[in-house]
Each structure stands twice: as C-alpha cells, then as structure tokens.
>>> print(open('protein21.cif').read())   # mmCIF, C-alpha atoms and all ligand atoms
data_input
#
loop_
_atom_site.label_atom_id
_atom_site.label_comp_id
_atom_site.auth_asym_id
_atom_site.auth_seq_id
_atom_site.Cartn_x
_atom_site.Cartn_y
_atom_site.Cartn_z
CA MET A 7 28.01 -84.03 4.00
CA ILE A 8 26.62 -80.93 2.28
CA TYR A 9 23.94 -81.35 -0.39
CA GLU A 10 23.48 -78.45 -2.82
CA ARG A 11 20.68 -78.26 -5.38
CA ALA A 12 22.72 -76.25 -7.93
CA ASP A 13 25.56 -77.66 -10.03
CA PHE A 14 28.11 -75.30 -8.43
CA ALA A 15 28.68 -73.40 -5.19
CA ARG A 16 28.13 -69.77 -6.12
CA GLU A 17 28.43 -66.35 -4.54
CA VAL A 18 25.71 -63.74 -4.43
CA GLY A 19 26.73 -60.11 -3.98
CA ALA A 20 30.22 -58.76 -3.53
CA SER A 21 30.69 -57.63 0.03
CA ILE A 22 29.63 -59.17 3.29
CA SER A 23 30.03 -57.41 6.61
CA CYS A 24 31.01 -59.37 9.69
CA ALA A 25 30.90 -57.74 13.12
CA ALA A 26 32.70 -59.04 16.23
CA ASN A 27 29.94 -61.51 17.09
CA GLY A 28 30.54 -63.19 13.69
CA THR A 29 34.33 -62.75 13.56
CA ARG A 30 34.58 -64.52 16.92
CA TRP A 31 33.30 -67.70 15.25
CA LEU A 32 35.50 -67.39 12.18
CA GLU A 33 38.52 -67.17 14.51
CA GLU A 34 37.34 -70.10 16.62
CA TRP A 35 36.86 -72.25 13.50
CA GLY A 36 40.32 -71.29 12.17
CA VAL A 37 38.92 -69.70 8.99
CA ASN A 38 41.64 -67.97 6.99
CA ILE A 39 40.35 -64.43 7.32
CA GLU A 40 42.98 -63.01 4.96
CA LEU A 41 41.50 -65.03 2.07
CA GLY A 42 38.47 -62.74 2.25
CA ASP A 43 40.78 -59.73 1.50
CA PRO A 44 39.01 -57.75 4.24
CA VAL A 45 38.71 -54.08 5.01
CA ILE A 46 38.79 -53.51 8.78
CA LEU A 47 36.00 -51.07 9.49
CA LYS A 48 36.96 -47.94 11.39
CA GLN A 49 33.79 -45.85 11.17
CA LEU A 50 30.09 -45.84 10.37
CA ILE A 51 29.18 -42.64 8.57
CA SER A 52 25.63 -41.47 8.00
CA ARG A 53 25.45 -38.72 5.35
CA ASP A 54 22.89 -36.15 4.31
CA TRP A 55 21.00 -37.34 1.22
CA LYS A 56 21.48 -34.16 -0.83
CA THR A 57 24.77 -32.68 0.33
CA GLY A 58 26.68 -35.78 1.45
CA GLU A 59 27.71 -33.95 4.63
CA PRO A 60 28.17 -36.37 7.58
CA ALA A 61 25.06 -36.33 9.80
CA SER A 62 26.47 -38.83 12.31
CA VAL A 63 29.85 -40.57 12.61
CA TYR A 64 30.32 -43.57 14.87
CA ASP A 65 33.99 -44.11 15.58
CA LEU A 66 35.10 -47.77 15.55
CA HIS A 67 38.87 -47.25 15.81
CA ASN A 68 38.95 -48.94 19.23
CA TYR A 69 36.47 -51.66 18.18
CA LYS A 70 38.83 -54.62 18.62
CA GLY A 71 40.17 -53.22 21.91
CA LYS A 72 36.63 -53.01 23.22
CA TRP A 73 35.03 -56.17 21.84
CA GLY A 74 37.99 -58.46 21.19
CA CYS A 75 37.56 -59.00 17.43
CA ASN A 76 37.62 -56.90 14.30
CA TYR A 77 34.60 -55.67 12.36
CA TYR A 78 35.40 -56.88 8.83
CA MET A 79 34.04 -56.16 5.39
CA PHE A 80 34.85 -59.21 3.26
CA HIS A 81 34.64 -60.02 -0.36
CA ARG A 82 32.71 -63.29 -0.58
CA ALA A 83 35.34 -66.05 -0.93
CA VAL A 84 35.72 -69.71 -0.06
CA GLY A 85 38.52 -70.87 2.26
CA GLN A 86 39.81 -74.44 2.48
CA ARG A 87 41.86 -74.77 5.64
CA GLY A 88 40.61 -75.81 9.07
CA GLN A 89 40.64 -78.57 11.63
CA GLY A 90 38.93 -81.94 11.27
CA THR A 91 37.66 -83.76 8.20
CA PRO A 92 36.60 -81.33 5.46
CA ALA A 93 32.90 -81.52 4.59
CA LYS A 94 32.08 -83.10 1.22
CA LEU A 95 29.92 -81.08 -1.15
CA LYS A 96 27.50 -83.01 -3.35
CA VAL A 97 26.06 -80.76 -6.05
CA ASN A 98 22.92 -81.47 -8.09
CA HIS A 99 21.17 -82.81 -4.98
CA LYS A 100 17.93 -80.95 -4.44
CA ALA A 101 16.33 -82.08 -1.18
CA LYS A 102 12.61 -82.70 -1.58
CA ASP A 103 11.63 -84.37 1.67
CA VAL A 104 13.06 -85.51 5.00
CA ASN A 105 11.80 -88.20 7.32
CA LEU A 106 12.08 -86.38 10.65
CA ASP A 107 12.11 -89.65 12.64
CA THR A 108 14.68 -91.63 10.65
CA GLY A 109 16.82 -88.82 9.14
CA GLU A 110 16.28 -90.05 5.57
CA ILE A 111 16.46 -87.36 2.88
CA THR A 112 14.75 -87.85 -0.47
CA PHE A 113 16.13 -85.85 -3.37
CA GLU A 114 14.26 -84.61 -6.40
CA ASP A 115 15.72 -87.33 -8.64
CA GLY A 116 14.35 -90.00 -6.30
CA THR A 117 17.68 -90.95 -4.65
CA THR A 118 17.94 -90.99 -0.85
CA ALA A 119 20.55 -90.53 1.91
CA LYS A 120 20.37 -91.09 5.67
CA HIS A 121 22.08 -89.01 8.37
CA ASP A 122 21.98 -88.60 12.16
CA VAL A 123 21.00 -84.92 12.02
CA ILE A 124 19.70 -82.79 9.13
CA ILE A 125 20.59 -79.10 9.17
CA GLY A 126 18.47 -77.10 6.74
CA ALA A 127 20.76 -74.27 5.53
CA ASP A 128 18.73 -73.94 2.34
CA GLY A 129 18.01 -70.23 2.31
CA ILE A 130 14.95 -68.04 2.48
CA GLY A 131 12.78 -70.41 0.41
CA SER A 132 13.82 -73.39 2.59
CA THR A 133 12.41 -76.84 1.75
CA ILE A 134 13.49 -78.21 5.14
CA ARG A 135 11.55 -75.46 6.94
CA ASN A 136 8.51 -76.54 4.98
CA VAL A 137 9.11 -80.18 5.96
CA LEU A 138 9.24 -79.06 9.62
CA GLY A 139 5.69 -77.78 9.08
CA ILE A 140 6.53 -74.08 9.54
CA LYS A 141 4.10 -71.83 7.69
CA VAL A 142 5.73 -68.72 6.27
CA GLU A 143 3.94 -65.40 6.22
CA LYS A 144 6.19 -63.28 4.04
CA VAL A 145 5.36 -60.13 2.18
CA PRO A 146 7.55 -58.28 -0.30
CA ALA A 147 9.12 -55.14 1.17
CA SER A 148 7.65 -51.88 -0.11
CA TRP A 149 11.05 -50.83 -1.44
CA SER A 150 13.50 -52.17 -4.01
CA CYS A 151 17.26 -52.63 -3.87
CA LEU A 152 19.78 -52.73 -6.71
CA HIS A 153 23.35 -53.75 -5.95
CA THR A 154 26.26 -52.51 -8.02
CA ASN A 155 30.06 -52.60 -7.94
CA VAL A 156 32.41 -49.66 -8.52
CA ASP A 157 36.19 -49.97 -8.94
CA THR A 158 37.98 -47.51 -6.67
CA GLU A 159 40.79 -47.08 -9.20
CA GLU A 160 38.32 -46.13 -11.92
CA ALA A 161 36.58 -43.59 -9.64
CA VAL A 162 39.90 -42.02 -8.63
CA LYS A 163 41.00 -41.84 -12.31
CA LEU A 164 37.87 -39.79 -13.02
CA GLY A 165 38.70 -37.41 -10.16
CA LEU A 166 35.87 -38.69 -7.92
CA VAL A 167 36.02 -38.99 -4.12
CA ASP A 168 38.08 -41.96 -2.88
CA TYR A 169 35.62 -43.38 -0.35
CA SER A 170 37.88 -46.40 0.30
CA LYS A 171 40.12 -44.13 2.41
CA ASN A 172 37.47 -43.84 5.13
CA SER A 173 37.45 -47.62 5.90
CA ALA A 174 33.78 -47.09 6.67
CA ILE A 175 30.32 -48.35 5.89
CA GLU A 176 28.66 -45.15 4.66
CA TYR A 177 24.96 -44.38 4.36
CA TRP A 178 23.15 -41.66 2.47
CA GLY A 179 19.58 -41.00 3.63
CA GLY A 180 17.61 -43.87 5.17
CA TYR A 181 15.66 -41.81 7.68
CA GLU A 182 12.83 -39.32 7.58
CA ASN A 183 11.79 -38.14 4.11
CA PRO A 184 11.57 -40.72 2.56
CA ALA A 185 13.23 -43.45 4.67
CA HIS A 186 13.07 -45.99 1.82
CA TYR A 187 15.59 -44.01 -0.19
CA LYS A 188 19.05 -44.91 0.95
CA ILE A 189 22.49 -45.75 -0.40
CA VAL A 190 24.77 -48.09 1.55
CA LEU A 191 28.43 -48.21 0.59
CA SER A 192 30.67 -51.07 1.76
CA PRO A 193 34.33 -51.10 0.73
CA CYS A 194 35.81 -54.58 0.21
CA ASN A 195 38.73 -56.33 -1.56
CA GLY A 196 41.19 -54.37 0.58
CA GLY A 197 39.43 -51.15 -0.56
CA LYS A 198 39.83 -51.87 -4.30
CA LEU A 199 36.12 -52.52 -4.75
CA LEU A 200 33.17 -50.41 -3.56
CA SER A 201 29.97 -52.40 -3.12
CA TYR A 202 26.84 -50.21 -3.32
CA TYR A 203 23.34 -51.16 -2.13
CA CYS A 204 20.84 -48.69 -3.60
CA PHE A 205 17.34 -48.59 -2.13
CA PHE A 206 14.27 -46.79 -3.43
CA SER A 207 10.51 -47.14 -3.25
CA ARG A 208 8.91 -49.85 -5.39
CA GLU A 209 6.88 -47.21 -7.22
CA ALA A 210 10.18 -45.83 -8.57
CA GLY A 211 11.20 -49.26 -9.89
CA ASP A 212 9.86 -52.72 -9.13
CA PHE A 213 12.25 -55.69 -9.33
CA GLN A 214 10.30 -58.04 -7.08
CA ASN A 215 9.87 -60.58 -9.88
CA GLN A 216 13.49 -60.40 -11.03
CA SER A 217 16.08 -62.76 -9.57
CA TRP A 218 19.71 -61.94 -8.76
CA ASP A 219 20.71 -63.46 -12.13
CA GLU A 220 18.64 -60.98 -14.15
CA ALA A 221 20.78 -57.85 -14.50
CA ALA A 222 19.23 -54.37 -14.32
CA THR A 223 20.39 -51.37 -16.40
CA LEU A 224 22.32 -48.23 -15.49
CA PRO A 225 19.35 -45.90 -16.29
CA GLU A 226 17.18 -48.07 -13.98
CA LEU A 227 19.79 -47.65 -11.24
CA LEU A 228 20.11 -43.87 -11.60
CA ALA A 229 16.49 -42.86 -12.29
CA PRO A 230 15.26 -42.81 -8.66
CA TYR A 231 18.00 -40.40 -7.54
CA PRO A 232 17.59 -36.95 -9.16
CA ASP A 233 18.45 -35.14 -5.92
CA LEU A 234 21.12 -37.47 -4.48
CA ASP A 235 24.51 -35.99 -3.44
CA ARG A 236 26.32 -35.67 -6.79
CA GLN A 237 29.60 -37.07 -5.45
CA VAL A 238 28.14 -40.50 -4.74
CA PHE A 239 25.80 -40.26 -7.76
CA LYS A 240 28.88 -39.98 -10.01
CA HIS A 241 30.19 -43.21 -8.48
CA LEU A 242 26.92 -44.95 -9.36
CA GLU A 243 27.29 -43.71 -12.94
CA ILE A 244 30.30 -46.02 -13.33
CA GLY A 245 28.57 -48.93 -11.58
CA TYR A 246 28.63 -52.38 -13.21
CA GLU A 247 27.02 -55.78 -12.47
CA ILE A 248 23.76 -54.10 -11.46
CA ARG A 249 21.55 -56.73 -9.88
CA PRO A 250 18.29 -56.74 -7.97
CA TRP A 251 18.26 -57.91 -4.35
CA ARG A 252 14.71 -58.95 -3.56
CA LEU A 253 13.69 -58.11 -0.02
CA TRP A 254 11.01 -59.73 2.10
CA LYS A 255 9.52 -59.04 5.47
CA HIS A 256 8.58 -62.13 7.44
CA ASP A 257 7.45 -62.83 10.96
CA PRO A 258 9.65 -64.89 13.30
CA TYR A 259 8.95 -68.64 13.11
CA PRO A 260 7.32 -70.43 16.06
CA TYR A 261 10.04 -73.09 16.30
CA TRP A 262 13.31 -73.94 14.54
CA GLN A 263 13.67 -77.71 15.04
CA LYS A 264 11.62 -80.89 15.05
CA GLY A 265 12.59 -84.58 15.14
CA LEU A 266 16.12 -84.96 13.75
CA ALA A 267 16.15 -81.69 11.80
CA CYS A 268 16.60 -77.96 12.33
CA VAL A 269 16.99 -74.82 10.22
CA ILE A 270 19.81 -72.26 10.31
CA GLY A 271 20.78 -69.07 8.47
CA ASP A 272 18.23 -67.48 6.14
CA ALA A 273 16.02 -70.57 6.46
CA ALA A 274 15.48 -69.53 10.12
CA HIS A 275 16.58 -65.88 10.07
CA PRO A 276 19.93 -64.35 9.00
CA ALA A 277 22.93 -65.00 11.37
CA ILE A 278 26.35 -66.68 11.45
CA GLU A 279 25.77 -67.30 15.17
CA ASP A 280 23.40 -70.17 14.29
CA ALA A 281 26.32 -72.20 12.95
CA GLY A 282 28.36 -71.25 16.04
CA ALA A 283 25.58 -72.50 18.30
CA LEU A 284 25.25 -75.86 16.51
CA GLY A 285 29.04 -76.34 16.58
CA THR A 286 29.15 -75.61 20.30
CA ILE A 287 26.17 -77.79 21.19
CA PHE A 288 27.38 -80.74 19.09
CA SER A 289 30.99 -80.38 20.32
CA LYS A 290 32.73 -83.23 22.16
CA LYS A 291 32.49 -81.17 25.33
CA ASN A 292 28.73 -80.65 25.26
CA PHE A 293 27.10 -83.39 23.16
CA ASN A 294 26.14 -86.60 24.98
CA GLY A 295 24.42 -88.36 22.07
CA ASP A 296 20.97 -86.95 22.78
CA ILE A 297 20.01 -85.28 19.48
CA ARG A 298 16.63 -84.07 20.73
CA GLU A 299 18.22 -82.31 23.71
CA ALA A 300 20.83 -80.71 21.44
CA LEU A 301 18.24 -79.38 18.98
CA GLU A 302 16.01 -78.06 21.75
CA VAL A 303 18.96 -76.21 23.34
CA TYR A 304 19.84 -74.82 19.90
CA GLU A 305 16.37 -73.30 19.64
CA GLU A 306 16.42 -72.11 23.26
CA VAL A 307 19.76 -70.33 22.80
CA ARG A 308 19.24 -68.87 19.36
CA LYS A 309 15.57 -68.04 18.94
CA PRO A 310 15.19 -65.16 21.44
CA ARG A 311 18.39 -63.45 20.32
CA GLY A 312 17.76 -64.06 16.63
CA THR A 313 14.21 -62.74 16.94
CA LYS A 314 15.40 -59.53 18.64
CA VAL A 315 17.99 -58.94 15.91
CA GLN A 316 15.37 -59.61 13.24
CA ALA A 317 13.03 -57.02 14.78
CA ALA A 318 15.85 -54.44 15.01
CA SER A 319 16.81 -54.97 11.35
CA SER A 320 13.22 -54.57 10.33
CA ARG A 321 13.03 -51.22 12.21
CA ALA A 322 16.37 -50.14 10.69
CA SER A 323 14.88 -50.53 7.23
CA GLU A 324 12.41 -47.79 8.18
CA ASN A 325 14.97 -45.63 9.98
CA ILE A 326 18.72 -46.10 9.58
CA HIS A 327 19.32 -44.65 13.07
CA GLU A 328 17.81 -47.84 14.50
CA ARG A 329 20.90 -49.61 13.16
CA MET A 330 23.09 -50.73 16.06
CA GLY A 331 26.04 -48.37 15.49
CA PHE A 332 23.89 -45.30 15.16
CA SER A 333 21.48 -46.14 17.96
CA SER A 334 24.45 -46.84 20.28
CA ASN A 335 26.03 -43.49 19.40
CA LYS A 336 25.26 -41.22 22.32
CA ASP A 337 26.46 -38.18 20.31
CA ASN A 338 23.85 -38.75 17.63
CA PRO A 339 20.78 -36.59 18.43
CA LEU A 340 18.63 -38.75 16.10
CA SER A 341 19.34 -41.88 18.14
CA LEU A 342 17.76 -40.30 21.22
CA ARG A 343 14.33 -40.67 19.61
CA ILE A 344 14.66 -44.44 19.57
CA ASN A 345 12.70 -46.63 21.95
CA GLU A 346 15.16 -47.43 24.76
CA GLU A 347 13.58 -50.79 25.63
CA LYS A 348 13.68 -52.29 22.13
CA ARG A 349 17.04 -50.76 21.20
CA LEU A 350 19.68 -53.31 20.22
CA THR A 351 23.13 -52.08 21.26
CA ILE A 352 26.60 -52.99 20.01
CA ASP A 353 27.45 -54.02 23.58
CA GLU A 354 24.56 -56.46 23.67
CA MET A 355 25.64 -57.99 20.35
CA ASN A 356 29.36 -58.19 21.04
CA THR A 357 29.65 -59.08 24.73
CA TYR A 358 27.37 -62.13 24.53
CA ASP A 359 29.14 -65.36 25.54
CA MET A 360 27.44 -68.23 23.71
CA HIS A 361 29.70 -70.90 25.24
CA ALA A 362 28.58 -69.82 28.73
CA ASP A 363 24.94 -69.61 27.64
CA VAL A 364 24.99 -73.14 26.15
CA ALA A 365 26.78 -74.53 29.22
CA ALA A 366 24.21 -72.92 31.56
CA LYS A 367 21.23 -74.19 29.55
CA LEU A 368 22.63 -77.73 29.38
CA ALA A 369 23.44 -77.71 33.10
CA ALA A 370 19.89 -76.58 33.90
CA ARG A 371 18.40 -79.41 31.83
CA ARG A 372 20.76 -82.11 32.99
CA GLY A 373 20.34 -81.01 36.59
CA LYS A 374 16.60 -81.50 36.15
CA ASN A 375 16.87 -85.03 34.69
C1 LIG B 1 23.39 -58.47 -2.25
C2 LIG B 1 23.41 -59.10 -0.89
C3 LIG B 1 24.19 -58.54 0.12
C4 LIG B 1 24.22 -59.06 1.41
N1 LIG B 1 25.03 -58.50 2.36
C5 LIG B 1 25.11 -59.07 3.58
C6 LIG B 1 26.02 -58.58 4.60
O1 LIG B 1 26.74 -57.63 4.37
N2 LIG B 1 26.06 -59.21 5.81
C7 LIG B 1 25.28 -60.29 6.07
O2 LIG B 1 25.38 -60.84 7.18
N3 LIG B 1 24.41 -60.77 5.13
C8 LIG B 1 24.32 -60.18 3.92
N4 LIG B 1 23.45 -60.68 2.98
C9 LIG B 1 22.61 -61.80 3.36
C10 LIG B 1 23.41 -63.07 3.30
O3 LIG B 1 23.92 -63.24 1.98
C11 LIG B 1 22.50 -64.22 3.67
O4 LIG B 1 22.02 -63.99 4.98
C12 LIG B 1 23.28 -65.53 3.62
O5 LIG B 1 23.74 -65.77 2.30
C13 LIG B 1 22.40 -66.68 4.06
O6 LIG B 1 23.14 -67.85 3.94
P1 LIG B 1 22.40 -69.24 3.94
O7 LIG B 1 23.48 -70.25 3.78
O8 LIG B 1 21.48 -69.34 5.11
O9 LIG B 1 21.44 -69.23 2.66
P2 LIG B 1 21.81 -69.05 1.12
O10 LIG B 1 23.03 -68.22 0.94
O11 LIG B 1 20.52 -68.64 0.46
O12 LIG B 1 22.20 -70.53 0.66
C14 LIG B 1 21.22 -71.55 0.54
C15 LIG B 1 21.80 -72.64 -0.35
O13 LIG B 1 20.93 -73.76 -0.30
C16 LIG B 1 20.70 -74.23 -1.65
N5 LIG B 1 19.39 -74.86 -1.64
C17 LIG B 1 18.16 -74.27 -1.57
N6 LIG B 1 17.18 -75.18 -1.55
C18 LIG B 1 17.76 -76.39 -1.61
C19 LIG B 1 17.28 -77.75 -1.61
N7 LIG B 1 15.97 -78.03 -1.57
N8 LIG B 1 18.19 -78.77 -1.65
C20 LIG B 1 19.54 -78.50 -1.69
N9 LIG B 1 20.05 -77.25 -1.72
C21 LIG B 1 19.18 -76.21 -1.66
C22 LIG B 1 20.77 -72.98 -2.52
O14 LIG B 1 21.06 -73.29 -3.88
C23 LIG B 1 21.91 -72.21 -1.83
O15 LIG B 1 23.19 -72.57 -2.32
C24 LIG B 1 23.41 -60.18 1.69
C25 LIG B 1 22.62 -60.76 0.68
C26 LIG B 1 22.62 -60.23 -0.61
C27 LIG B 1 21.77 -60.86 -1.70
#
>>> encode(input="protein21.cif", output="structure tokens")
Amino acid sequence: MIYERADFAREVGASISCAANGTRWLEEWGVNIELGDPVILKQLISRDWKTGEPASVYDLHNYKGKWGCNYYMFHRAVGQRGQGTPAKLKVNHKAKDVNLDTGEITFEDGTTAKHDVIIGADGIGSTIRNVLGIKVEKVPASWSCLHTNVDTEEAVKLGLVDYSKNSAIEYWGGYENPAHYKIVLSPCNGGKLLSYYCFFSREAGDFQNQSWDEAATLPELLAPYPDLDRQVFKHLEIGYEIRPWRLWKHDPYPYWQKGLACVIGDAAHPAIEDAGALGTIFSKKNFNGDIREALEVYEEVRKPRGTKVQAASSRASENIHERMGFSSNKDNPLSLRINEEKRLTIDEMNTYDMHADVAAKLAARRGKN
C-alpha cells in the first residue's frame, strides 16, 4: 500500500538520468523502459563557458558492453506492467506519526492504518525520518537553479544548434571561475525535448523561498548569463516552464532504520538502489520473517555506499570534474587534480553486485546466530 499526501501522483522536472546501476534494477523489476521514451546516452561533454568548445568528452558508446546496461535519459513517466500484485495508491493520506513498535500509522485527518513494515519514501522533508528521531542539519546551497524546457524542433526551426544529435549530457562551466555558474543539458523524449538545468550564484537570483510550483520568468533565467556561449544562450531564450529547483546541502544521517520503519530515496539520500536493496532483502530468497534483521542489513548495505555517493555529488557541485564520468576520464587533464582516494569512479558504481553483498551480509549474521 502506498500512501500519498497529495490528491494526485505528480511529476517534478522533465528529464531523469539513470545510469547502469539504476537501469539494472528497472530491468530486474520488469519496468517497461520504452514507456519513458529514453535517449541512450553516448557521451558526456563538458564545454567552455564562453565559447562552447568541448573541454572534455567522455565517450560512452561502449557503455552497455562494459557495464551490462544502458545509461538512459528518461522523461518522467509512470509504467503499469510488472510481476506480482500491483501496489495500491491511496491519495490524500498525509502521514503524521508512526508507532515504530506496532507499525501503526496515524494520518493527519486522524485515521490510522497498520502494516508489517513502514518504508518512508516521503522526500527531502520526510515525516517518517522525523519519527525515527533523525535530526536534520540542512543548509540552503549558496547557488540557485532554474529548470527550463526547450523543444528541439523549435530550436532547429530558428536555425539553432541541434544538441539532441549528440545523445549526450552536456555541461557548460561548472569548474573554476565561478564554479556555481553552470548549465546542464539533458535530452529526453527520444531527443524531442531538451531539459536545461541552469545554475548561478544566489546573489544573482534567489529562489530559495519559491517552490517548484511557482514559475520564474524568462528575464530571471537569462539575467545571470551575459557572457555565456551564445549558441546555448539562444536555446534558453526559447525556454518555457521555468521553475526553481531548491537545493540543500545536508550531512549524512546517523542511521536509516528503527523499529519497524526505514527511510529510502530523498528521505535518506537520493538513490534508486535503496529500493533495489529493500526488494532484495525482503525477497522470498532472503527474508526469513525477521524484520529487524532485514532493516539492519538494509542500512549496512546502503549507508556506506550512499554516503560516498552523497559526498561525491556535493564535491561535484563545486567542481563538475568531480562528477563520475569526468573524474574517470583519464584523458581529461582537469580530472588529474582530483583526490584519488575520495574519487568515485564509474567502475565502482556500475560493477557493484548488490545481490552478492546482501547474501554475504546475511550469511555473516546468520552464521553468527
Ligand atoms: C528538476 C529536478 C531534476 C532532477 N533530476 C534528476 C536526475 O536526473 N536523476 C536523478 O536521479 N534525480 C534527479 N532529481 C532528483 C529526484 O527527482 C529525486 O531524487 C527523487 O524524486 C526522489 O524520490 P523520492 O520518492 O525519494 O521523493 P519525492 O520524489 O520527493 O517523493 C516524495 C513523495 O512523498 C509525498 N509525501 C511527503 N510527505 C508525506 C507524508 N507525510 N505523508 C504522505 N506522503 C508524503 C510527497 O507528496 C511526494 O509525492 C531531480 C529533481 C528535480 C527537482
């Protein structure tokens, strides 16, 4: 059973990237990947802020050959097929409290429901995380982000560059002076839609108090970029649905589960692998009825890896060359400056075998008992 506080299941943003470590789970769960109208990524291109000339290109043409699954850029969409009983979605159910010993949830309207396990997938402002007693130290990032969509057809009609042809995530700036200025372009909808994430310092425009539903204007989007490569700037000039994406920096949480409840996704940290871990641990093969053991193994498997990814993403926001593709690119002179020990590589992300990890952790525990 899924309880949702809103009166509908909605999408935020247009594109969503999914590397091999996420695609692996979509394939295992039988998700209809085609429904997401994906672009299969072939390159990561980092461009000079002013000229747009490529500063570093990471070739992903052999990505599937190397890591077994595609690197997709999806449009956010909801699929319906899959094995087993479909989950029921109950809207207008805002969870207010959970009894961690009995599994009883109390909703805002006073009604209750009782379940064996409670999985808090309730986002960055998670109520369940609060119920678990986790104190959040989060501070707003010192930069802003506006997201906008551009239709490829419209851009081509105006004689602008057809970025969809590169099948690439492309970056302008994002390192050195000033690192907080960066444009990230993700093609989606089979290349028909270009999804732009536009970052700038908060002094150049502060949207920290504006939610995703409060649209920003075109002049607000363009103002921070007087010296940006004109080719991409002209794309932004035809941008629509300009919305602020509020960004926060927060420290890793001390634990992710307690009693009969745990947190996943943005409530814990961002990752599709959390859902993969819970599915594996609670599978017929691995679950023996001991909910406490299952939740402890979930934390043991996911927390160290999730925390390392979180730290790498935080560094990448200060320097785009800390991003996995660029830091793994041995031909990129800028990646050589990156701390070897902390570096998160594509290999490390994509060769990890969670099934084996879960099996080993369970065997170690059960051997001990
Ligand atoms: C513009 C944008 C672009 C992004 N691009 C990417 C990307 O390319 N790749 C990527 O991996 N991630 C991306 N992200 C991040 C990604 O969207 C999040 O990591 C992901 O949505 C987190 O999913 P979630 O289910 O954990 O939380 P959410 O998507 O926040 O969902 C939480 C749900 O819980 C509901 N809820 C909250 N509180 C309660 C309550 N008390 N009771 C009941 N229901 C409640 C909310 O209404 C919501 O529906 C992007 C985010 C944005 C905004």
>>> residues_around(input="protein21.cif", residues="Asn325 in chain A", least_positions_apart="4", cutoff="9 Å", atoms="all atoms listed in the file", output="ChimeraX atom specification")
/A:180-182,185-186,321,329
>>> closest_residue(input="protein21.cif", among="A:Lys70, A:Ala274, A:Trp254, A:Leu368", to="Lys291 in chain A", atoms="only C-alpha atoms")
A:Leu368
>>> residues_around(input="protein21.cif", residues="range 205-219 of chain A", least_positions_apart="3", cutoff="8 Å", atoms="all atoms listed in the file", output="PDB file with C-alpha atoms, keeping the file's coordinate frame")
ATOM      1  CA  VAL A  18      25.710 -63.740  -4.430  1.00  0.00           C
ATOM      2  CA  PRO A 146       7.550 -58.280  -0.300  1.00  0.00           C
ATOM      3  CA  SER A 148       7.650 -51.880  -0.110  1.00  0.00           C
ATOM      4  CA  TRP A 149      11.050 -50.830  -1.440  1.00  0.00           C
ATOM      5  CA  SER A 150      13.500 -52.170  -4.010  1.00  0.00           C
ATOM      6  CA  CYS A 151      17.260 -52.630  -3.870  1.00  0.00           C
ATOM      7  CA  LEU A 152      19.780 -52.730  -6.710  1.00  0.00           C
ATOM      8  CA  HIS A 186      13.070 -45.990   1.820  1.00  0.00           C
ATOM      9  CA  TYR A 187      15.590 -44.010  -0.190  1.00  0.00           C
ATOM     10  CA  LYS A 188      19.050 -44.910   0.950  1.00  0.00           C
ATOM     11  CA  ILE A 189      22.490 -45.750  -0.400  1.00  0.00           C
ATOM     12  CA  GLU A 226      17.180 -48.070 -13.980  1.00  0.00           C
ATOM     13  CA  ALA A 229      16.490 -42.860 -12.290  1.00  0.00           C
ATOM     14  CA  PRO A 230      15.260 -42.810  -8.660  1.00  0.00           C
ATOM     15  CA  ARG A 249      21.550 -56.730  -9.880  1.00  0.00           C
ATOM     16  CA  PRO A 250      18.290 -56.740  -7.970  1.00  0.00           C
ATOM     17  CA  TRP A 251      18.260 -57.910  -4.350  1.00  0.00           C
ATOM     18  CA  ARG A 252      14.710 -58.950  -3.560  1.00  0.00           C
ATOM     19  CA  LEU A 253      13.690 -58.110  -0.020  1.00  0.00           C
TER      20      LEU A 253
END
>>> residues_near_ligand(input="protein21.cif", ligand="ligand LIG 1 (chain B)", cutoff="8 Å", atoms="all atoms listed in the file", output="MDAnalysis selection string")
chainID A and resid 9:12 15:24 79 98:102 113 127:134 153 203 218 250:252 270:278
>>> closest_residue(input="protein21.cif", among="A:Lys48, A:Asp13, A:Asp115, A:Asp43", to="Lys96 in chain A", atoms="only C-alpha atoms")
A:Asp13
>>> atom_distance(input="protein21.cif", atom1="CA of Cys194 in chain A", atom2="CA of Asp157 in chain A")
10.3 Å
>>> closest_residue(input="protein21.cif", among="A:Gln263, A:Gln49, A:Asn292, A:Asn27", to="Trp73 in chain A", atoms="all atoms listed in the file")
A:Asn27
>>> closest_residue(input="protein21.cif", among="A:Leu47, A:Ala322, A:Val364, A:Val315", to="Phe288 in chain A", atoms="all atoms listed in the file")
A:Val364
>>> closest_residue(input="protein21.cif", among="A:Ala221, A:Ala26, A:Ile244, A:Ala300", to="Lys163 in chain A", atoms="all atoms listed in the file")
A:Ile244
>>> atom_distance(input="protein21.cif", atom1="CA of His361 in chain A", atom2="CA of Ala283 in chain A")
8.2 Å
>>> atom_distance(input="protein21.cif", atom1="CA of Ile39 in chain A", atom2="CA of Tyr77 in chain A")
11.6 Å
>>> closest_residue(input="protein21.cif", among="A:Gly71, A:Pro310, A:Gly36, A:Gly179", to="Asp233 in chain A", atoms="all atoms listed in the file")
A:Gly179
